[in-house]
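Take a look at the structure below.
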Amino acid sequence: MRLTPVYYYSSTSGLVRTFAERLDRPTFNLADREHRLSEVDGPWVLLTPSYKTGNDRNDTIPEGVRRFLRSAHNRRHLVGVMGSGNRNFGTFYQMAAREIARRSGRPVLFEFELAGTPWDVEECRRILDELDAALDARRVA
């Protein structure tokens, strides 16, 4: 069974990177130019933080994520979105993940705060394992 890779964006704080690396699957940081300019080789999941803190003119979607999604190939193979956020952002909590999901027609698979808890990691692994099984069954059918 193919493990669906997670492409994520992590700032210098490293909170999203820490979470992604605990998922026990291939991960690629879109903060790295090499990954940001690459094209996926099959279904993938996006993990993005939200940064907006109240200025309606500032977009919540990190530029590295935006650039990766400019590729029609990458957008076509996106199967789900996960978000990291900070509840202190109020109505802007998880806005990037929710906006990308809305625009792409893909589901929000999981949301967590900051670097997530051990429960968040386990629950996210479970969700991704179920996604892997569903994608595998679709490939076989």
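If you're wondering about the labels, chains in the structure tokens are A, B, ... by order shown, residues count from 1 in each chain, ligands from 1 in order shown.
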*Which polymer residues have any atom within 10 Å of an atom of stretch 101-111 of chain A, counting only C-alpha atoms, with same-chain residues fewer than 4 positions away left out, as a VMD selection string?*
chain A and resid 45 to 49 69 75 to 76 78 to 85 93 to 97 116 120 123 to 124 127 to 128 131
Give me the residues near A:Asn86 as an mmCIF file with N, CA and C atoms, in the first residue's frame, where near means some atom within 6 Å (using only C-alpha atoms) and where sequence neighbours in that chain fewer than 3 positions away do not count.
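Heads up, here's the output in part22.cif:
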```
data_model
loop_
_atom_site.group_PDB
_atom_site.id
_atom_site.type_symbol
_atom_site.label_atom_id
_atom_site.label_comp_id
_atom_site.auth_asym_id
_atom_site.auth_seq_id
_atom_site.Cartn_x
_atom_site.Cartn_y
_atom_site.Cartn_z
ATOM 1 N N PHE A 89 -6.081 33.375 17.091
ATOM 2 C CA PHE A 89 -6.400 34.094 15.852
ATOM 3 C C PHE A 89 -7.902 34.263 15.664
ATOM 4 N N TYR A 93 -8.689 31.390 12.735
ATOM 5 C CA TYR A 93 -8.149 30.067 13.088
ATOM 6 C C TYR A 93 -8.466 29.089 11.958
ATOM 7 N N GLU A 113 -4.069 22.452 16.817
ATOM 8 C CA GLU A 113 -3.509 23.729 17.258
ATOM 9 C C GLU A 113 -2.006 23.610 17.487
ATOM 10 N N LEU A 114 -1.297 24.644 17.006
ATOM 11 C CA LEU A 114 0.154 24.767 17.181
ATOM 12 C C LEU A 114 0.876 23.507 16.695
#
```
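Atom CA of A:Arg70 to atom CA of A:Ser38 spans 11.2 Å [interatomic distance, one decimal].
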*Which residues come within 8 Å of A:Arg25, counting only C-alpha atoms, excluding same-chain residues fewer than 3 positions away, as a PyMOL selection string?*
chain A and resi 3-6+21
Prev. selection, all heavy atoms, output as a PDB file, in the first residue's frame:
```pdb
ATOM      1  N   LEU A   3       1.838   4.928   0.910  1.00  0.00           N
ATOM      2  CA  LEU A   3       1.564   5.924   1.940  1.00  0.00           C
ATOM      3  C   LEU A   3       1.413   7.271   1.254  1.00  0.00           C
ATOM      4  O   LEU A   3       2.323   7.724   0.555  1.00  0.00           O
ATOM      5  CB  LEU A   3       2.696   5.994   2.963  1.00  0.00           C
ATOM      6  CG  LEU A   3       2.917   4.763   3.831  1.00  0.00           C
ATOM      7  CD1 LEU A   3       4.094   4.992   4.770  1.00  0.00           C
ATOM      8  CD2 LEU A   3       1.665   4.437   4.620  1.00  0.00           C
ATOM      9  N   THR A   4       0.274   7.892   1.414  1.00  0.00           N
ATOM     10  CA  THR A   4       0.028   9.194   0.809  1.00  0.00           C
ATOM     11  C   THR A   4       0.971  10.214   1.441  1.00  0.00           C
ATOM     12  O   THR A   4       0.962  10.387   2.663  1.00  0.00           O
ATOM     13  CB  THR A   4      -1.436   9.625   1.026  1.00  0.00           C
ATOM     14  OG1 THR A   4      -2.289   8.582   0.551  1.00  0.00           O
ATOM     15  CG2 THR A   4      -1.744  10.924   0.323  1.00  0.00           C
ATOM     16  N   PRO A   5       1.788  10.883   0.627  1.00  0.00           N
ATOM     17  CA  PRO A   5       2.717  11.848   1.206  1.00  0.00           C
ATOM     18  C   PRO A   5       2.015  13.117   1.673  1.00  0.00           C
ATOM     19  O   PRO A   5       0.946  13.477   1.178  1.00  0.00           O
ATOM     20  CB  PRO A   5       3.683  12.151   0.050  1.00  0.00           C
ATOM     21  CG  PRO A   5       2.926  11.824  -1.182  1.00  0.00           C
ATOM     22  CD  PRO A   5       1.953  10.743  -0.814  1.00  0.00           C
ATOM     23  N   VAL A   6       2.655  13.778   2.632  1.00  0.00           N
ATOM     24  CA  VAL A   6       2.160  15.038   3.159  1.00  0.00           C
ATOM     25  C   VAL A   6       3.141  16.130   2.748  1.00  0.00           C
ATOM     26  O   VAL A   6       4.327  16.071   3.083  1.00  0.00           O
ATOM     27  CB  VAL A   6       2.030  14.989   4.700  1.00  0.00           C
ATOM     28  CG1 VAL A   6       1.657  16.361   5.259  1.00  0.00           C
ATOM     29  CG2 VAL A   6       1.009  13.937   5.112  1.00  0.00           C
ATOM     30  N   GLU A  21       6.511  15.438  10.774  1.00  0.00           N
ATOM     31  CA  GLU A  21       7.530  14.400  10.903  1.00  0.00           C
ATOM     32  C   GLU A  21       7.107  13.285  11.852  1.00  0.00           C
ATOM     33  O   GLU A  21       7.660  12.199  11.803  1.00  0.00           O
ATOM     34  CB  GLU A  21       8.858  15.016  11.327  1.00  0.00           C
ATOM     35  CG  GLU A  21       9.470  15.844  10.210  1.00  0.00           C
ATOM     36  CD  GLU A  21      10.722  16.590  10.605  1.00  0.00           C
ATOM     37  OE1 GLU A  21      11.046  16.656  11.827  1.00  0.00           O
ATOM     38  OE2 GLU A  21      11.379  17.137   9.699  1.00  0.00           O
TER      39      GLU A  21
END
```
*Name the residues of chain A that come out as alpha helix (DSSP H) in a backbone DSSP run; write them as a PyMOL selection string.*
chain A and resi 15-21+33-36+63-68+72-77+95-104+118-140
*Can you check which residues of chain A DSSP gives as strand (DSSP E or B) on the backbone and send them as a PyMOL selection string?*
chain A and resi 6-8+27-29+44-49+78-85+108-113
*Which of these residues is nearest to A:Ser50, using only C-alpha atoms: A:Arg87, A:Arg33, A:His77, A:Arg138?*
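For A:Ser50, the nearest of the candidates is A:Arg87.
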